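K.L.:
Next comes the structure file model-v8.txt, holding compact mmCIF, C-alpha atoms and all ligand atoms.
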```txt
# COMPACT_ATOMS: atom_id res chain seq x y z
CA MET A 4 51.24 23.36 -127.25
CA PRO A 5 53.15 23.80 -130.57
CA GLU A 6 55.96 21.29 -131.10
CA SER A 7 58.70 23.97 -130.99
CA GLU A 8 57.50 25.17 -127.55
CA GLU A 9 57.23 21.60 -126.31
CA ASN A 10 60.85 20.96 -127.37
CA LEU A 11 61.91 24.19 -125.66
CA LEU A 12 60.16 23.17 -122.45
CA ARG A 13 61.68 19.67 -122.64
CA SER A 14 65.25 20.92 -123.12
CA TYR A 15 64.77 23.47 -120.32
CA LEU A 16 63.60 20.75 -117.92
CA ILE A 17 66.45 18.41 -118.92
CA GLN A 18 69.00 21.22 -118.36
CA ARG A 19 67.64 21.95 -114.87
CA MET A 20 67.56 18.25 -113.95
CA GLU A 21 71.15 17.85 -115.15
CA LEU A 22 72.03 20.64 -112.72
CA GLY A 23 70.63 18.46 -109.97
CA GLU A 24 67.52 20.54 -109.31
CA LYS A 25 64.56 18.79 -107.79
CA VAL A 26 62.32 21.84 -107.70
CA ILE A 27 62.09 23.48 -111.12
CA PHE A 28 60.73 26.96 -111.52
CA ARG A 29 58.87 27.97 -114.66
CA PRO A 30 60.63 30.62 -116.75
CA PHE A 31 58.68 33.86 -116.49
CA ASP A 32 57.59 33.95 -120.09
CA MET A 33 56.67 30.27 -120.45
CA GLU A 34 52.98 29.41 -120.44
CA ILE A 35 51.88 26.01 -119.19
CA PRO A 36 48.81 24.58 -120.98
CA GLY A 37 45.76 24.59 -118.72
CA HIS A 38 47.25 27.22 -116.41
CA ASP A 39 46.30 30.86 -116.63
CA THR A 40 49.26 33.16 -117.08
CA VAL A 41 49.88 34.99 -113.81
CA GLU A 42 49.50 38.71 -114.26
CA GLN A 43 52.96 40.24 -114.10
CA THR A 44 53.83 43.56 -112.58
CA ALA A 45 55.92 45.71 -114.90
CA TYR A 46 58.81 47.58 -113.26
CA SER A 47 61.45 49.42 -115.21
CA ILE A 48 65.08 48.89 -114.28
CA ASP A 49 65.10 52.28 -112.53
CA GLU A 50 62.27 51.05 -110.32
CA PHE A 51 64.03 47.85 -109.21
CA GLU A 52 64.01 49.00 -105.58
CA LYS A 53 60.20 48.98 -105.65
CA THR A 54 60.00 45.32 -106.65
CA GLU A 55 58.12 43.10 -104.26
CA SER A 56 59.30 39.66 -105.37
CA LEU A 57 62.36 38.05 -106.91
CA ASP A 58 60.37 37.43 -110.07
CA ASP A 59 59.60 41.15 -110.33
CA LEU A 60 63.23 42.03 -109.66
CA TYR A 61 64.40 39.61 -112.33
CA ARG A 62 61.98 41.06 -114.86
CA ALA A 63 63.14 44.59 -114.00
CA ILE A 64 66.86 43.92 -114.47
CA CYS A 65 67.09 40.97 -116.87
CA GLU A 66 68.05 43.16 -119.81
CA CYS A 67 70.39 45.38 -117.83
CA GLN A 68 73.11 47.18 -119.80
CA LYS A 69 74.14 49.56 -117.03
CA CYS A 70 77.78 48.47 -117.29
CA SER A 71 79.84 47.13 -120.17
CA LEU A 72 79.52 43.52 -118.96
CA GLY A 73 75.97 43.58 -120.30
CA GLN A 74 77.46 43.63 -123.81
CA SER A 75 79.69 40.59 -123.37
CA ARG A 76 77.50 38.27 -121.28
CA THR A 77 75.76 35.22 -122.70
CA ASN A 78 73.27 35.08 -119.84
CA LEU A 79 72.60 37.33 -116.89
CA VAL A 80 73.12 35.19 -113.79
CA PHE A 81 70.43 36.43 -111.44
CA GLY A 82 70.81 33.96 -108.56
CA ALA A 83 69.13 30.71 -107.62
CA GLY A 84 67.59 28.84 -104.74
CA ASN A 85 64.92 29.22 -102.11
CA PRO A 86 63.36 32.71 -102.24
CA ASN A 87 62.74 32.42 -98.47
CA ALA A 88 66.14 30.96 -97.59
CA ASP A 89 67.60 31.38 -94.12
CA ILE A 90 71.13 31.18 -95.56
CA MET A 91 72.33 33.18 -98.54
CA PHE A 92 75.75 32.58 -100.12
CA VAL A 93 77.30 35.44 -102.07
CA GLY A 94 80.23 35.06 -104.45
CA GLU A 95 81.92 37.66 -106.61
CA ALA A 96 80.79 37.07 -110.21
CA PRO A 97 79.73 34.41 -112.70
CA GLY A 98 82.41 32.39 -114.50
CA ALA A 99 82.30 30.75 -117.92
CA ASP A 100 79.98 27.87 -116.95
CA GLU A 101 77.65 30.20 -115.10
CA ASP A 102 77.55 32.62 -118.02
CA ARG A 103 76.72 29.74 -120.38
CA LEU A 104 73.96 28.30 -118.21
CA GLY A 105 72.63 31.43 -116.49
CA GLU A 106 73.02 29.76 -113.09
CA PRO A 107 75.41 30.69 -110.25
CA PHE A 108 78.05 28.24 -109.00
CA VAL A 109 77.60 25.44 -111.52
CA GLY A 110 81.24 24.85 -112.50
CA ARG A 111 83.79 22.88 -110.45
CA ALA A 112 83.63 25.36 -107.59
CA GLY A 113 79.84 25.10 -107.65
CA GLN A 114 79.99 21.33 -107.49
CA LEU A 115 82.23 21.61 -104.46
CA LEU A 116 79.76 24.05 -102.89
CA ASN A 117 77.04 21.43 -103.47
CA ARG A 118 79.17 18.87 -101.60
CA ILE A 119 79.75 21.32 -98.74
CA LEU A 120 75.99 21.89 -98.56
CA ALA A 121 75.36 18.14 -98.58
CA ALA A 122 77.77 17.75 -95.65
CA MET A 123 75.68 20.43 -93.88
CA LYS A 124 72.61 18.30 -94.72
CA LEU A 125 71.39 21.00 -97.07
CA GLU A 126 70.63 21.13 -100.77
CA ARG A 127 70.95 24.04 -103.18
CA GLN A 128 67.17 24.44 -103.02
CA ASP A 129 67.40 25.08 -99.28
CA VAL A 130 69.66 28.12 -99.60
CA TYR A 131 69.96 31.07 -101.97
CA ILE A 132 73.10 31.60 -104.04
CA GLY A 133 74.03 34.87 -105.75
CA ASN A 134 76.94 37.05 -106.74
CA ILE A 135 77.98 40.68 -106.45
CA LEU A 136 77.99 40.94 -110.27
CA LYS A 137 75.26 39.40 -112.38
CA CYS A 138 77.31 39.26 -115.59
CA ARG A 139 80.63 37.57 -116.24
CA PRO A 140 83.76 39.73 -116.32
CA PRO A 141 85.93 38.86 -119.36
CA ASN A 142 88.56 36.17 -118.66
CA ASN A 143 87.19 35.84 -115.11
CA ARG A 144 88.99 38.98 -114.01
CA ASP A 145 88.05 40.55 -110.68
CA PRO A 146 85.00 42.83 -110.71
CA GLN A 147 85.99 46.45 -111.33
CA PRO A 148 84.93 48.90 -108.61
CA ASN A 149 82.57 50.74 -110.99
CA GLU A 150 80.89 47.48 -112.08
CA ALA A 151 80.36 46.43 -108.48
CA LEU A 152 79.09 49.88 -107.56
CA ILE A 153 76.45 49.74 -110.30
CA CYS A 154 75.44 46.10 -109.85
CA GLU A 155 75.51 45.66 -106.07
CA PRO A 156 72.19 47.50 -105.46
CA PHE A 157 70.46 44.65 -107.33
CA LEU A 158 71.96 42.17 -104.87
CA HIS A 159 70.98 44.42 -102.00
CA GLN A 160 67.38 44.37 -103.22
CA GLN A 161 67.57 40.57 -103.53
CA ILE A 162 68.72 40.36 -99.93
CA LYS A 163 65.87 42.66 -98.85
CA LEU A 164 63.36 40.40 -100.58
CA ILE A 165 64.81 37.09 -99.39
CA LYS A 166 65.46 38.30 -95.83
CA PRO A 167 68.05 35.60 -95.01
CA LYS A 168 69.02 35.15 -91.39
CA VAL A 169 72.69 34.72 -92.31
CA ILE A 170 74.70 35.85 -95.34
CA CYS A 171 77.88 33.88 -96.03
CA CYS A 172 80.36 35.66 -98.29
CA LEU A 173 82.40 33.24 -100.37
CA GLY A 174 85.84 34.73 -100.72
CA ARG A 175 87.61 38.00 -100.07
CA ILE A 176 86.23 40.01 -102.97
CA ALA A 177 82.54 39.45 -102.20
CA ALA A 178 83.18 40.19 -98.53
CA GLN A 179 85.19 43.34 -99.20
CA ARG A 180 82.41 44.65 -101.44
CA LEU A 181 79.56 43.95 -99.05
CA LEU A 182 81.45 45.19 -96.01
CA GLN A 183 83.06 48.13 -97.83
CA THR A 184 86.46 47.29 -96.39
CA ASN A 185 89.99 46.48 -97.47
CA MET A 186 90.48 43.88 -94.74
CA SER A 187 92.14 40.61 -95.75
CA LEU A 188 90.16 37.39 -95.72
CA GLY A 189 92.12 36.32 -92.66
CA GLN A 190 90.98 39.46 -90.83
CA MET A 191 87.34 38.95 -91.83
CA ARG A 192 87.05 35.20 -91.10
CA ASP A 193 85.91 33.95 -87.74
CA ARG A 194 83.92 37.12 -87.05
CA TRP A 195 80.30 38.14 -87.31
CA PHE A 196 79.37 41.31 -89.16
CA ASP A 197 76.16 43.24 -89.63
CA TYR A 198 75.05 43.90 -93.21
CA HIS A 199 72.10 46.31 -93.04
CA GLY A 200 70.64 44.33 -90.14
CA THR A 201 71.54 40.86 -91.42
CA THR A 202 74.23 38.72 -89.78
CA LEU A 203 77.13 38.18 -92.17
CA MET A 204 80.13 35.87 -92.09
CA VAL A 205 83.06 35.31 -94.44
CA THR A 206 84.69 32.09 -95.56
CA TYR A 207 86.91 30.85 -98.37
CA HIS A 208 85.65 30.72 -101.94
CA PRO A 209 85.20 27.07 -103.03
CA ALA A 210 87.67 27.76 -105.88
CA ALA A 211 90.34 28.33 -103.20
CA LEU A 212 89.58 24.88 -101.78
CA LEU A 213 90.07 23.40 -105.24
CA ARG A 214 93.50 25.04 -105.40
CA SER A 215 94.63 24.03 -101.92
CA ASN A 216 93.49 21.41 -99.43
CA GLN A 217 94.64 23.57 -96.53
CA TYR A 218 91.43 25.65 -96.76
CA LYS A 219 89.07 22.69 -96.45
CA ARG A 220 89.22 22.25 -92.69
CA PRO A 221 88.76 25.95 -91.82
CA THR A 222 85.90 26.18 -94.31
CA TRP A 223 84.20 23.24 -92.65
CA ASP A 224 84.71 24.89 -89.26
CA ASP A 225 83.08 28.04 -90.67
CA MET A 226 80.09 26.07 -91.95
CA GLN A 227 79.56 24.51 -88.54
CA LYS A 228 79.69 27.96 -86.96
CA LEU A 229 77.18 29.16 -89.53
CA LEU A 230 74.75 26.36 -88.65
CA ARG A 231 75.15 27.04 -84.94
CA LYS A 232 74.55 30.79 -85.49
CA LEU A 233 71.45 30.00 -87.51
CA GLU A 234 70.03 27.89 -84.70
CA GLU A 235 70.79 30.70 -82.26
CA LEU A 236 69.05 33.27 -84.49
CA LYS A 237 65.98 31.08 -84.85
CA GLN A 238 65.42 30.91 -81.09
S1 LIG A 301 77.01 43.30 -114.32
FE1 LIG A 301 75.19 44.13 -113.30
S2 LIG A 301 75.19 46.33 -113.84
FE2 LIG A 301 76.55 45.28 -115.30
S3 LIG A 301 75.21 44.80 -117.03
FE3 LIG A 301 75.25 43.00 -115.70
S4 LIG A 301 73.44 43.25 -114.39
FE4 LIG A 301 73.87 45.24 -115.32
```
Kindly return the structure encoded in the file as structure tokens.
P.N.:
Amino acid sequence: MPESEENLLRSYLIQRMELGEKVIFRPFDMEIPGHDTVEQTAYSIDEFEKTESLDDLYRAICECQKCSLGQSRTNLVFGAGNPNADIMFVGEAPGADEDRLGEPFVGRAGQLLNRILAAMKLERQDVYIGNILKCRPPNNRDPQPNEALICEPFLHQQIKLIKPKVICCLGRIAAQRLLQTNMSLGQMRDRWFDYHGTTLMVTYHPAALLRSNQYKRPTWDDMQKLLRKLEELKQ
């Protein structure tokens, strides 16, 4: 392996380990010496709904410029975690840290989500984490309706491929988008919804917990309900 590629591989592995990952996936275009390159299926972005794996979906959309956020992003934040996860968390959009690292929920809110998962006896690698938008809106503004309209089908395809048993929306905006509603977070919490055949619940965004301690207890109650629902669905 040439030295430049070795350095690239080393810095990639260090970055993933610093993010706390124990299972590290090979970037799609990185060859490992001694391993044959897996033949890759080529889908265009307009064929994303035909993709049969998350890798294929990523390859189809990774250069997306369908909305203006494609121009300003540093990295497209596809999503991360177990491709066969029972639980999928969905937030609204990447922030600055996520845009820089290409990974969802890696800033302060992400670290809090990791602690919530640990309290549930789960790790990031046990669940799947994604967002409605795959590119960061400038100054962390809310997703615009047209951006969400264009980008959400990618998330929908991700959900179809992962087939989680439960989707947990983190925050009002993600929930309003997926449920196509204007209900407040208070109206959506503590209820079960159906998202195209998948059970869906809504809880506070971890960033809200960082702003106010009052949301911690209800969020923990929600997580316990989520775990109980998952057990029920597995029976
Ligand atoms: S936000 Fe979504 S639709 Fe817009 S450029 Fe990024 S991937 Fe494409």
K.L.:
Neighbours of ligand LIG 301 (chain A) within 6 Å, counting all atoms listed in the file, as a list in words?
P.N.:
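Result of the 6 Å neighbour search around ligand LIG 301 (chain A): Cys67, Gln68, Lys69, Cys70, Leu72, Gly73, Leu136, Lys137, Cys138, Glu150, Ile153 and Cys154 of chain A.
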K.L.:
Those residues you just picked out, can you put them in a file as a compact mmCIF listing (two decimals), in the frame of the given file with C-alpha atoms?
P.N.:
```txt
# COMPACT_ATOMS: atom_id res chain seq x y z
CA CYS A 67 70.39 45.38 -117.83
CA GLN A 68 73.11 47.18 -119.80
CA LYS A 69 74.14 49.56 -117.03
CA CYS A 70 77.78 48.47 -117.29
CA LEU A 72 79.52 43.52 -118.96
CA GLY A 73 75.97 43.58 -120.30
CA LEU A 136 77.99 40.94 -110.27
CA LYS A 137 75.26 39.40 -112.38
CA CYS A 138 77.31 39.26 -115.59
CA GLU A 150 80.89 47.48 -112.08
CA ILE A 153 76.45 49.74 -110.30
CA CYS A 154 75.44 46.10 -109.85
```
K.L.:
When distances are computed from all atoms listed in the file, which of A:Gln183, A:Asn87, A:Met123, A:Ala151 shows the smallest separation from Lys168 of chain A?
P.N.:
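Of all the options, A:Asn87 lies closest to Lys168 of chain A.
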K.L.:
Could you check which of A:Ala112, A:Ile64, A:Lys53, A:Ala88 is closest to Leu213 of chain A, using all atoms listed in the file?
P.N.:
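Using all atoms listed in the file, the shortest distance to Leu213 of chain A belongs to A:Ala112.
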K.L.:
Kindly indicate which residue among A:Leu60, A:Ala45, A:Met204, A:Val80 lies nearest to Gln227 of chain A, using all atoms listed in the file for the distances.
P.N.:
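Of A:Leu60, A:Ala45, A:Met204, A:Val80, the one nearest Gln227 of chain A, counting all atoms listed in the file, is A:Met204.
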K.L.:
Neighbours of Phe92 of chain A within 7 Å (only C-alpha atoms; same-chain residues fewer than 4 positions away dropped), as a list in words?
P.N.:
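Contacts, in chain order: Tyr131, Ile132, Gly133, Ile170, Cys171, Cys172 and Leu173 of chain A.
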K.L.:
Pull C-alpha atoms from the residues just selected and write them as a JSON list (two decimals), in the coordinates of the input.
P.N.:
```json
[["chain", "number", "residue", "atom", "x", "y", "z"],
["A", 131, "TYR", "CA", 69.96, 31.07, -101.97],
["A", 132, "ILE", "CA", 73.10, 31.60, -104.04],
["A", 133, "GLY", "CA", 74.03, 34.87, -105.75],
["A", 170, "ILE", "CA", 74.70, 35.85, -95.34],
["A", 171, "CYS", "CA", 77.88, 33.88, -96.03],
["A", 172, "CYS", "CA", 80.36, 35.66, -98.29],
["A", 173, "LEU", "CA", 82.40, 33.24, -100.37]]
```
K.L.:
Pick from A:Val93, A:Leu236, A:Leu104, A:Ala121: nearest to Trp223 of chain A, with all atoms listed in the file counted?
P.N.:
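Looking only at the distances to Trp223 of chain A, the closest residue turns out to be A:Ala121.
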K.L.:
Excluding Glu235 of chain A and any residue of its chain fewer than 6 positions from it, enumerate the residues within 12 Å of it, using only C-alpha atoms, and give them as a list in words.
P.N.:
Lys168, Val169, Thr202, Lys228 and Leu229 of chain A
